[in-house]
>>> print(open('input_32.cif').read())   # mmCIF, N, CA and C atoms
data_target
#
loop_
_atom_site.label_atom_id
_atom_site.label_comp_id
_atom_site.auth_asym_id
_atom_site.auth_seq_id
_atom_site.Cartn_x
_atom_site.Cartn_y
_atom_site.Cartn_z
N MET Q 1 202.40 139.28 40.19
CA MET Q 1 203.21 139.02 41.37
C MET Q 1 203.42 137.52 41.52
N ALA Q 2 204.64 137.13 41.77
CA ALA Q 2 204.95 135.71 41.93
C ALA Q 2 204.35 135.18 43.21
N GLN Q 3 203.85 133.94 43.14
CA GLN Q 3 203.30 133.31 44.33
C GLN Q 3 204.43 132.58 45.04
N LYS Q 4 204.24 132.39 46.36
CA LYS Q 4 205.22 131.62 47.11
C LYS Q 4 205.23 130.20 46.57
N PRO Q 5 206.42 129.58 46.49
CA PRO Q 5 206.46 128.19 46.04
C PRO Q 5 205.58 127.31 46.93
N LYS Q 6 204.89 126.36 46.31
CA LYS Q 6 204.06 125.44 47.07
C LYS Q 6 204.95 124.36 47.67
N LEU Q 7 204.97 124.31 49.00
CA LEU Q 7 205.86 123.39 49.70
C LEU Q 7 205.13 122.65 50.80
N ASP Q 8 205.63 121.49 51.07
CA ASP Q 8 205.25 120.78 52.28
C ASP Q 8 205.83 121.59 53.45
N PRO Q 9 205.05 121.88 54.47
CA PRO Q 9 205.56 122.70 55.57
C PRO Q 9 206.74 122.07 56.32
N HIS Q 10 206.99 120.81 56.11
CA HIS Q 10 208.08 120.12 56.81
C HIS Q 10 209.37 120.06 55.99
N VAL Q 11 209.38 120.70 54.85
CA VAL Q 11 210.51 120.61 53.93
C VAL Q 11 211.73 121.39 54.42
N GLY Q 12 211.55 122.45 55.15
CA GLY Q 12 212.66 123.21 55.73
C GLY Q 12 213.24 124.24 54.78
N ARG Q 13 214.29 124.88 55.27
CA ARG Q 13 214.91 125.99 54.54
C ARG Q 13 215.53 125.53 53.22
N LEU Q 14 216.24 124.40 53.23
CA LEU Q 14 216.86 123.92 52.00
C LEU Q 14 215.78 123.66 50.94
N GLY Q 15 214.70 123.04 51.33
CA GLY Q 15 213.62 122.77 50.39
C GLY Q 15 213.00 124.05 49.85
N TYR Q 16 212.86 125.05 50.72
CA TYR Q 16 212.30 126.32 50.28
C TYR Q 16 213.23 126.99 49.28
N LEU Q 17 214.53 127.01 49.58
CA LEU Q 17 215.49 127.62 48.66
C LEU Q 17 215.55 126.85 47.34
N GLN Q 18 215.46 125.53 47.42
CA GLN Q 18 215.44 124.72 46.20
C GLN Q 18 214.22 125.07 45.35
N ALA Q 19 213.07 125.27 46.02
CA ALA Q 19 211.86 125.65 45.29
C ALA Q 19 212.03 127.01 44.62
N LEU Q 20 212.71 127.95 45.28
CA LEU Q 20 212.97 129.26 44.67
C LEU Q 20 213.86 129.11 43.44
N VAL Q 21 214.92 128.33 43.56
CA VAL Q 21 215.83 128.12 42.43
C VAL Q 21 215.08 127.47 41.27
N THR Q 22 214.28 126.46 41.57
CA THR Q 22 213.50 125.78 40.53
C THR Q 22 212.52 126.73 39.87
N GLU Q 23 211.83 127.54 40.68
CA GLU Q 23 210.89 128.50 40.12
C GLU Q 23 211.61 129.48 39.20
N PHE Q 24 212.77 129.97 39.63
CA PHE Q 24 213.53 130.91 38.80
C PHE Q 24 213.88 130.26 37.46
N GLN Q 25 214.32 129.02 37.50
CA GLN Q 25 214.75 128.34 36.28
C GLN Q 25 213.60 127.98 35.35
N GLU Q 26 212.42 127.75 35.90
CA GLU Q 26 211.31 127.27 35.08
C GLU Q 26 210.32 128.34 34.63
N THR Q 27 210.24 129.44 35.35
CA THR Q 27 209.22 130.44 35.01
C THR Q 27 209.59 131.21 33.75
N GLN Q 28 208.58 131.60 33.02
CA GLN Q 28 208.77 132.44 31.84
C GLN Q 28 208.47 133.90 32.15
N SER Q 29 207.86 134.16 33.30
CA SER Q 29 207.47 135.51 33.70
C SER Q 29 208.68 136.30 34.20
N GLN Q 30 208.95 137.43 33.57
CA GLN Q 30 210.06 138.28 34.00
C GLN Q 30 209.80 138.84 35.40
N ASP Q 31 208.56 139.17 35.70
CA ASP Q 31 208.21 139.67 37.03
C ASP Q 31 208.52 138.62 38.10
N ALA Q 32 208.13 137.38 37.83
CA ALA Q 32 208.39 136.30 38.78
C ALA Q 32 209.89 136.07 38.94
N LYS Q 33 210.63 136.10 37.84
CA LYS Q 33 212.09 135.94 37.91
C LYS Q 33 212.72 137.02 38.78
N GLU Q 34 212.26 138.27 38.59
CA GLU Q 34 212.80 139.37 39.39
C GLU Q 34 212.53 139.16 40.87
N GLN Q 35 211.30 138.78 41.20
CA GLN Q 35 210.95 138.58 42.60
C GLN Q 35 211.72 137.42 43.22
N VAL Q 36 211.86 136.33 42.49
CA VAL Q 36 212.57 135.17 43.02
C VAL Q 36 214.06 135.49 43.18
N LEU Q 37 214.65 136.16 42.20
CA LEU Q 37 216.07 136.50 42.31
C LEU Q 37 216.30 137.48 43.47
N ALA Q 38 215.39 138.41 43.68
CA ALA Q 38 215.49 139.32 44.82
C ALA Q 38 215.41 138.54 46.13
N ASN Q 39 214.53 137.55 46.20
CA ASN Q 39 214.44 136.72 47.41
C ASN Q 39 215.73 135.95 47.65
N LEU Q 40 216.27 135.35 46.60
CA LEU Q 40 217.52 134.61 46.75
C LEU Q 40 218.66 135.54 47.18
N ALA Q 41 218.67 136.74 46.62
CA ALA Q 41 219.70 137.71 47.01
C ALA Q 41 219.57 138.04 48.50
N ASN Q 42 218.36 138.20 48.99
CA ASN Q 42 218.18 138.49 50.41
C ASN Q 42 218.66 137.33 51.28
N PHE Q 43 218.38 136.10 50.87
CA PHE Q 43 218.86 134.95 51.62
C PHE Q 43 220.39 134.89 51.64
N ALA Q 44 221.02 135.41 50.61
CA ALA Q 44 222.48 135.34 50.50
C ALA Q 44 223.21 136.19 51.54
N TYR Q 45 222.51 137.10 52.17
CA TYR Q 45 223.15 137.95 53.19
C TYR Q 45 223.17 137.32 54.57
N ASP Q 46 222.51 136.20 54.75
CA ASP Q 46 222.42 135.55 56.06
C ASP Q 46 223.34 134.34 56.10
N PRO Q 47 224.37 134.39 56.96
CA PRO Q 47 225.33 133.27 57.03
C PRO Q 47 224.68 131.91 57.32
N SER Q 48 223.52 131.89 57.95
CA SER Q 48 222.88 130.59 58.22
C SER Q 48 222.41 129.91 56.94
N ASN Q 49 222.39 130.64 55.83
CA ASN Q 49 221.96 130.07 54.54
C ASN Q 49 223.13 129.63 53.66
N TYR Q 50 224.35 129.95 54.05
CA TYR Q 50 225.52 129.73 53.18
C TYR Q 50 225.63 128.30 52.67
N GLU Q 51 225.51 127.33 53.57
CA GLU Q 51 225.68 125.93 53.14
C GLU Q 51 224.60 125.54 52.13
N TYR Q 52 223.37 125.96 52.38
CA TYR Q 52 222.28 125.63 51.45
C TYR Q 52 222.53 126.27 50.09
N LEU Q 53 222.92 127.54 50.10
CA LEU Q 53 223.16 128.24 48.84
C LEU Q 53 224.33 127.62 48.08
N ARG Q 54 225.33 127.15 48.81
CA ARG Q 54 226.46 126.47 48.19
C ARG Q 54 225.97 125.18 47.51
N GLN Q 55 225.16 124.41 48.22
CA GLN Q 55 224.64 123.16 47.67
C GLN Q 55 223.82 123.40 46.41
N LEU Q 56 223.09 124.49 46.39
CA LEU Q 56 222.20 124.78 45.27
C LEU Q 56 222.89 125.56 44.15
N GLN Q 57 224.16 125.86 44.32
CA GLN Q 57 224.98 126.56 43.33
C GLN Q 57 224.36 127.90 42.91
N VAL Q 58 223.93 128.65 43.93
CA VAL Q 58 223.29 129.93 43.68
C VAL Q 58 224.26 130.94 43.08
N LEU Q 59 225.56 130.84 43.39
CA LEU Q 59 226.53 131.75 42.76
C LEU Q 59 226.47 131.61 41.25
N ASP Q 60 226.40 130.39 40.76
CA ASP Q 60 226.31 130.18 39.31
C ASP Q 60 225.03 130.79 38.74
N LEU Q 61 223.94 130.70 39.50
CA LEU Q 61 222.68 131.30 39.06
C LEU Q 61 222.84 132.82 38.96
N PHE Q 62 223.48 133.44 39.98
CA PHE Q 62 223.70 134.88 39.92
C PHE Q 62 224.62 135.25 38.76
N LEU Q 63 225.69 134.49 38.57
CA LEU Q 63 226.61 134.79 37.47
C LEU Q 63 225.91 134.65 36.12
N ASP Q 64 225.10 133.63 35.96
CA ASP Q 64 224.35 133.46 34.71
C ASP Q 64 223.39 134.64 34.49
N SER Q 65 222.84 135.17 35.57
CA SER Q 65 221.89 136.28 35.47
C SER Q 65 222.56 137.56 35.00
N LEU Q 66 223.87 137.65 35.13
CA LEU Q 66 224.58 138.85 34.68
C LEU Q 66 224.49 139.03 33.17
N SER Q 67 224.20 137.96 32.45
CA SER Q 67 224.12 138.05 30.99
C SER Q 67 222.69 138.26 30.49
N GLU Q 68 221.74 138.44 31.41
CA GLU Q 68 220.35 138.68 31.03
C GLU Q 68 220.19 140.08 30.43
N GLU Q 69 219.25 140.24 29.54
CA GLU Q 69 218.94 141.56 28.99
C GLU Q 69 218.16 142.40 29.98
N ASN Q 70 217.46 141.76 30.90
CA ASN Q 70 216.67 142.44 31.92
C ASN Q 70 217.61 143.08 32.95
N GLU Q 71 217.67 144.41 32.95
CA GLU Q 71 218.60 145.13 33.83
C GLU Q 71 218.29 144.91 35.31
N THR Q 72 217.03 144.69 35.65
CA THR Q 72 216.68 144.44 37.05
C THR Q 72 217.29 143.13 37.52
N LEU Q 73 217.25 142.09 36.68
CA LEU Q 73 217.87 140.82 37.04
C LEU Q 73 219.37 140.99 37.23
N VAL Q 74 220.00 141.74 36.35
CA VAL Q 74 221.44 141.99 36.47
C VAL Q 74 221.73 142.70 37.78
N GLU Q 75 220.95 143.71 38.10
CA GLU Q 75 221.15 144.47 39.34
C GLU Q 75 220.98 143.57 40.56
N PHE Q 76 219.94 142.73 40.57
CA PHE Q 76 219.71 141.83 41.70
C PHE Q 76 220.83 140.79 41.82
N ALA Q 77 221.41 140.39 40.71
CA ALA Q 77 222.49 139.40 40.73
C ALA Q 77 223.81 140.02 41.22
N ILE Q 78 224.05 141.26 40.86
CA ILE Q 78 225.30 141.92 41.24
C ILE Q 78 225.36 142.18 42.74
N GLY Q 79 224.24 142.57 43.33
CA GLY Q 79 224.22 142.95 44.75
C GLY Q 79 224.90 141.96 45.68
N PRO Q 80 224.45 140.71 45.71
CA PRO Q 80 225.06 139.76 46.63
C PRO Q 80 226.51 139.41 46.27
N ILE Q 81 226.84 139.47 45.00
CA ILE Q 81 228.22 139.18 44.60
C ILE Q 81 229.15 140.29 45.12
N ARG Q 82 228.73 141.53 44.96
CA ARG Q 82 229.52 142.66 45.42
C ARG Q 82 229.61 142.68 46.94
N LYS Q 83 228.53 142.32 47.60
CA LYS Q 83 228.49 142.35 49.06
C LYS Q 83 229.36 141.27 49.68
N ASN Q 84 229.67 140.23 48.93
CA ASN Q 84 230.45 139.09 49.41
C ASN Q 84 231.69 138.93 48.53
N PRO Q 85 232.70 139.79 48.74
CA PRO Q 85 233.82 139.84 47.81
C PRO Q 85 234.80 138.68 47.86
N GLY Q 86 234.63 137.75 48.76
CA GLY Q 86 235.53 136.60 48.76
C GLY Q 86 236.68 136.72 49.72
N ASN Q 87 236.76 137.78 50.45
CA ASN Q 87 237.83 137.96 51.42
C ASN Q 87 237.24 137.98 52.82
N ALA Q 88 236.72 136.86 53.24
CA ALA Q 88 236.09 136.77 54.54
C ALA Q 88 237.12 137.01 55.63
N PRO Q 89 236.74 137.68 56.73
CA PRO Q 89 237.68 137.90 57.83
C PRO Q 89 238.17 136.58 58.38
N LYS Q 90 239.37 136.59 58.95
CA LYS Q 90 239.93 135.37 59.53
C LYS Q 90 238.97 134.81 60.57
N GLY Q 91 238.79 133.51 60.52
CA GLY Q 91 237.93 132.84 61.48
C GLY Q 91 236.46 132.85 61.12
N SER Q 92 236.08 133.55 60.06
CA SER Q 92 234.67 133.57 59.68
C SER Q 92 234.45 132.63 58.50
N GLU Q 93 233.23 132.19 58.37
CA GLU Q 93 232.89 131.30 57.26
C GLU Q 93 232.77 132.11 55.99
N ALA Q 94 233.36 131.62 54.92
CA ALA Q 94 233.26 132.30 53.63
C ALA Q 94 231.84 132.17 53.11
N SER Q 95 231.39 133.19 52.45
CA SER Q 95 230.06 133.20 51.85
C SER Q 95 230.03 132.27 50.65
N PRO Q 96 228.87 131.66 50.35
CA PRO Q 96 228.77 130.83 49.15
C PRO Q 96 228.88 131.69 47.90
N LEU Q 97 228.74 132.98 48.06
CA LEU Q 97 228.85 133.88 46.93
C LEU Q 97 230.23 134.47 46.83
N SER Q 98 231.13 134.01 47.69
CA SER Q 98 232.51 134.42 47.56
C SER Q 98 233.06 133.71 46.34
N PRO Q 99 233.61 134.44 45.40
CA PRO Q 99 234.12 133.79 44.20
C PRO Q 99 235.16 132.72 44.54
N THR Q 100 235.10 131.61 43.85
CA THR Q 100 236.06 130.54 44.04
C THR Q 100 237.10 130.63 42.92
N LYS Q 101 238.06 129.75 42.94
CA LYS Q 101 239.08 129.73 41.90
C LYS Q 101 238.42 129.62 40.52
N LYS Q 102 237.32 128.90 40.44
CA LYS Q 102 236.59 128.73 39.20
C LYS Q 102 236.09 130.08 38.66
N HIS Q 103 235.79 131.03 39.57
CA HIS Q 103 235.18 132.29 39.18
C HIS Q 103 236.13 133.48 39.22
N CYS Q 104 237.39 133.27 39.61
CA CYS Q 104 238.28 134.39 39.86
C CYS Q 104 239.65 134.24 39.20
N GLU Q 105 240.25 135.39 38.98
CA GLU Q 105 241.68 135.45 38.78
C GLU Q 105 242.22 135.91 40.12
N THR Q 106 243.31 135.32 40.56
CA THR Q 106 243.85 135.70 41.86
C THR Q 106 245.17 136.44 41.71
N GLY Q 107 245.41 137.31 42.68
CA GLY Q 107 246.66 138.06 42.72
C GLY Q 107 247.69 137.31 43.53
N ARG Q 108 248.82 137.96 43.77
CA ARG Q 108 249.90 137.32 44.53
C ARG Q 108 249.46 136.91 45.93
N SER Q 109 248.57 137.65 46.54
CA SER Q 109 248.12 137.34 47.89
C SER Q 109 247.16 136.15 47.92
N GLY Q 110 246.71 135.73 46.75
CA GLY Q 110 245.76 134.63 46.68
C GLY Q 110 244.31 135.08 46.73
N SER Q 111 244.08 136.38 46.91
CA SER Q 111 242.70 136.86 46.96
C SER Q 111 242.19 137.14 45.55
N CYS Q 112 240.90 137.16 45.42
CA CYS Q 112 240.26 137.38 44.12
C CYS Q 112 240.53 138.81 43.66
N THR Q 113 241.13 138.96 42.49
CA THR Q 113 241.42 140.29 41.96
C THR Q 113 240.51 140.66 40.80
N ARG Q 114 239.92 139.65 40.15
CA ARG Q 114 239.03 139.94 39.03
C ARG Q 114 238.02 138.82 38.93
N LEU Q 115 236.75 139.20 38.99
CA LEU Q 115 235.67 138.23 38.88
C LEU Q 115 235.50 137.82 37.43
N MET Q 116 235.46 136.52 37.22
CA MET Q 116 235.28 135.98 35.87
C MET Q 116 233.78 135.80 35.65
N VAL Q 117 233.23 136.55 34.72
CA VAL Q 117 231.80 136.46 34.43
C VAL Q 117 231.58 135.66 33.17
N PRO Q 118 230.36 135.19 32.95
CA PRO Q 118 230.09 134.38 31.76
C PRO Q 118 230.48 135.08 30.46
N ARG Q 119 230.80 134.27 29.46
CA ARG Q 119 231.26 134.76 28.16
C ARG Q 119 230.34 135.83 27.57
N ALA Q 120 229.04 135.72 27.81
CA ALA Q 120 228.11 136.70 27.27
C ALA Q 120 228.39 138.10 27.79
N CYS Q 121 228.94 138.19 29.00
CA CYS Q 121 229.27 139.49 29.59
C CYS Q 121 230.73 139.87 29.35
N ASN Q 122 231.57 138.86 29.19
CA ASN Q 122 233.00 139.12 29.11
C ASN Q 122 233.61 138.16 28.08
N PRO Q 123 233.89 138.65 26.88
CA PRO Q 123 234.42 137.76 25.84
C PRO Q 123 235.75 137.11 26.20
N SER Q 124 236.47 137.65 27.18
CA SER Q 124 237.75 137.06 27.55
C SER Q 124 237.59 135.97 28.60
N TYR Q 125 236.35 135.67 29.01
CA TYR Q 125 236.10 134.66 30.03
C TYR Q 125 236.64 133.31 29.57
N SER Q 126 237.44 132.71 30.46
CA SER Q 126 238.06 131.44 30.11
C SER Q 126 237.30 130.24 30.67
N GLY Q 127 236.36 130.53 31.57
CA GLY Q 127 235.58 129.44 32.15
C GLY Q 127 236.30 128.67 33.22
N GLY Q 128 237.48 129.07 33.58
CA GLY Q 128 238.13 128.21 34.50
C GLY Q 128 238.94 128.74 35.55
#
>>> encode(input="input_32.cif", output="structure tokens")
Amino acid sequence: MAQKPKLDPHVGRLGYLQALVTEFQETQSQDAKEQVLANLANFAYDPSNYEYLRQLQVLDLFLDSLSEENETLVEFAIGPIRKNPGNAPKGSEASPLSPTKKHCETGRSGSCTRLMVPRACNPSYSGG
């Protein structure tokens, strides 16, 4: 079982999320990766975390996880992406997991019509 990141109690939410991202990137344990990615996915559902997740480029982390061989990681990465389709209601803040132009093909309406995933998952991925 993954341990909570060791943090100064005054570091705040951004510091905690940064510690989770760092732990995910540095750990070799598949169990720890699964737990950390599940935690990040849970944070992605709370609008108060959007700015922090945007700063930490968590969408890229989820997209990169789609090419993992570990099916649990793929499942945990898909959840927040599917839950935040990029078409936020008028007047609401867009989720950091809402695909951007970098991650989407857009239709005539300008909304995301096809999510661009990393080349490992989609050989037609153009990266742009």
>>> closest_residue(input="input_32.cif", among="Q:Gly12, Q:Ile78, Q:Val21, Q:Asp60", to="Q:Gln35", atoms="only C-alpha atoms")
Q:Val21
>>> atom_distance(input="input_32.cif", atom1="atom CA of Q:Glu34", atom2="atom CA of Q:Val11")
23.8 Å
>>> atom_distance(input="input_32.cif", atom1="atom C of Q:Glu51", atom2="atom CA of Q:Glu69")
28.7 Å
>>> atom_distance(input="input_32.cif", atom1="atom CA of Q:Asp31", atom2="atom CA of Q:Arg13")
23.2 Å
>>> resolve_selection(input="input_32.cif", expression="the PyMOL selection byres ((chain Q and resi 40-43) around 8)", output="MDAnalysis selection string")
chainID Q and resid 17 20:21 34:39 44:50 53 76:77 79:81
>>> closest_residue(input="input_32.cif", among="Q:Ala19, Q:Phe24, Q:Leu14, Q:Gln30", to="Q:Asp64", atoms="only C-alpha atoms")
Q:Phe24
>>> decode(input="input_32.cif", residues="stretch 37-86 of chain Q", atoms="C-alpha atoms", output="PDB file, in the first residue's frame")
ATOM      1  CA  LEU Q  37      -3.492   7.815  -9.973  1.00  0.00           C
ATOM      2  CA  ALA Q  38      -6.795   6.962  -8.260  1.00  0.00           C
ATOM      3  CA  ASN Q  39      -6.185   9.813  -5.794  1.00  0.00           C
ATOM      4  CA  LEU Q  40      -5.414  12.260  -8.591  1.00  0.00           C
ATOM      5  CA  ALA Q  41      -8.541  11.132 -10.427  1.00  0.00           C
ATOM      6  CA  ASN Q  42     -10.624  11.827  -7.319  1.00  0.00           C
ATOM      7  CA  PHE Q  43      -9.135  15.314  -7.001  1.00  0.00           C
ATOM      8  CA  ALA Q  44     -10.032  15.952 -10.651  1.00  0.00           C
ATOM      9  CA  TYR Q  45     -13.753  15.888  -9.859  1.00  0.00           C
ATOM     10  CA  ASP Q  46     -13.572  18.884  -7.503  1.00  0.00           C
ATOM     11  CA  PRO Q  47     -13.630  22.292  -9.236  1.00  0.00           C
ATOM     12  CA  SER Q  48     -11.593  23.816  -6.390  1.00  0.00           C
ATOM     13  CA  ASN Q  49      -8.637  21.738  -7.653  1.00  0.00           C
ATOM     14  CA  TYR Q  50      -8.858  22.737 -11.333  1.00  0.00           C
ATOM     15  CA  GLU Q  51      -6.225  25.481 -11.265  1.00  0.00           C
ATOM     16  CA  TYR Q  52      -3.748  23.304  -9.376  1.00  0.00           C
ATOM     17  CA  LEU Q  53      -4.289  20.363 -11.719  1.00  0.00           C
ATOM     18  CA  ARG Q  54      -3.848  22.674 -14.703  1.00  0.00           C
ATOM     19  CA  GLN Q  55      -0.543  23.955 -13.290  1.00  0.00           C
ATOM     20  CA  LEU Q  56       0.673  20.421 -12.707  1.00  0.00           C
ATOM     21  CA  GLN Q  57      -0.389  19.258 -16.196  1.00  0.00           C
ATOM     22  CA  VAL Q  58      -2.352  16.333 -14.795  1.00  0.00           C
ATOM     23  CA  LEU Q  59      -4.236  15.914 -18.098  1.00  0.00           C
ATOM     24  CA  ASP Q  60      -0.938  15.002 -19.751  1.00  0.00           C
ATOM     25  CA  LEU Q  61      -0.251  12.526 -16.953  1.00  0.00           C
ATOM     26  CA  PHE Q  62      -3.660  10.889 -17.528  1.00  0.00           C
ATOM     27  CA  LEU Q  63      -3.154  10.833 -21.301  1.00  0.00           C
ATOM     28  CA  ASP Q  64       0.295   9.267 -20.882  1.00  0.00           C
ATOM     29  CA  SER Q  65      -1.247   6.641 -18.597  1.00  0.00           C
ATOM     30  CA  LEU Q  66      -3.538   5.514 -21.413  1.00  0.00           C
ATOM     31  CA  SER Q  67      -0.552   3.827 -23.042  1.00  0.00           C
ATOM     32  CA  GLU Q  68       0.353   1.790 -19.934  1.00  0.00           C
ATOM     33  CA  GLU Q  69       0.105  -1.995 -20.079  1.00  0.00           C
ATOM     34  CA  ASN Q  70      -1.486  -1.957 -16.614  1.00  0.00           C
ATOM     35  CA  GLU Q  71      -5.241  -1.977 -17.307  1.00  0.00           C
ATOM     36  CA  THR Q  72      -6.043  -0.505 -13.882  1.00  0.00           C
ATOM     37  CA  LEU Q  73      -3.929   2.570 -14.664  1.00  0.00           C
ATOM     38  CA  VAL Q  74      -5.696   2.945 -18.003  1.00  0.00           C
ATOM     39  CA  GLU Q  75      -9.096   2.657 -16.304  1.00  0.00           C
ATOM     40  CA  PHE Q  76      -8.173   5.243 -13.647  1.00  0.00           C
ATOM     41  CA  ALA Q  77      -6.890   7.615 -16.345  1.00  0.00           C
ATOM     42  CA  ILE Q  78      -9.984   7.306 -18.534  1.00  0.00           C
ATOM     43  CA  GLY Q  79     -12.468   8.075 -15.747  1.00  0.00           C
ATOM     44  CA  PRO Q  80     -11.696  11.754 -15.203  1.00  0.00           C
ATOM     45  CA  ILE Q  81     -11.187  12.385 -18.918  1.00  0.00           C
ATOM     46  CA  ARG Q  82     -14.607  10.919 -19.743  1.00  0.00           C
ATOM     47  CA  LYS Q  83     -16.250  12.729 -16.837  1.00  0.00           C
ATOM     48  CA  ASN Q  84     -14.889  16.083 -18.078  1.00  0.00           C
ATOM     49  CA  PRO Q  85     -15.660  16.095 -21.803  1.00  0.00           C
ATOM     50  CA  GLY Q  86     -14.593  19.658 -22.491  1.00  0.00           C
TER      51      GLY Q  86
END
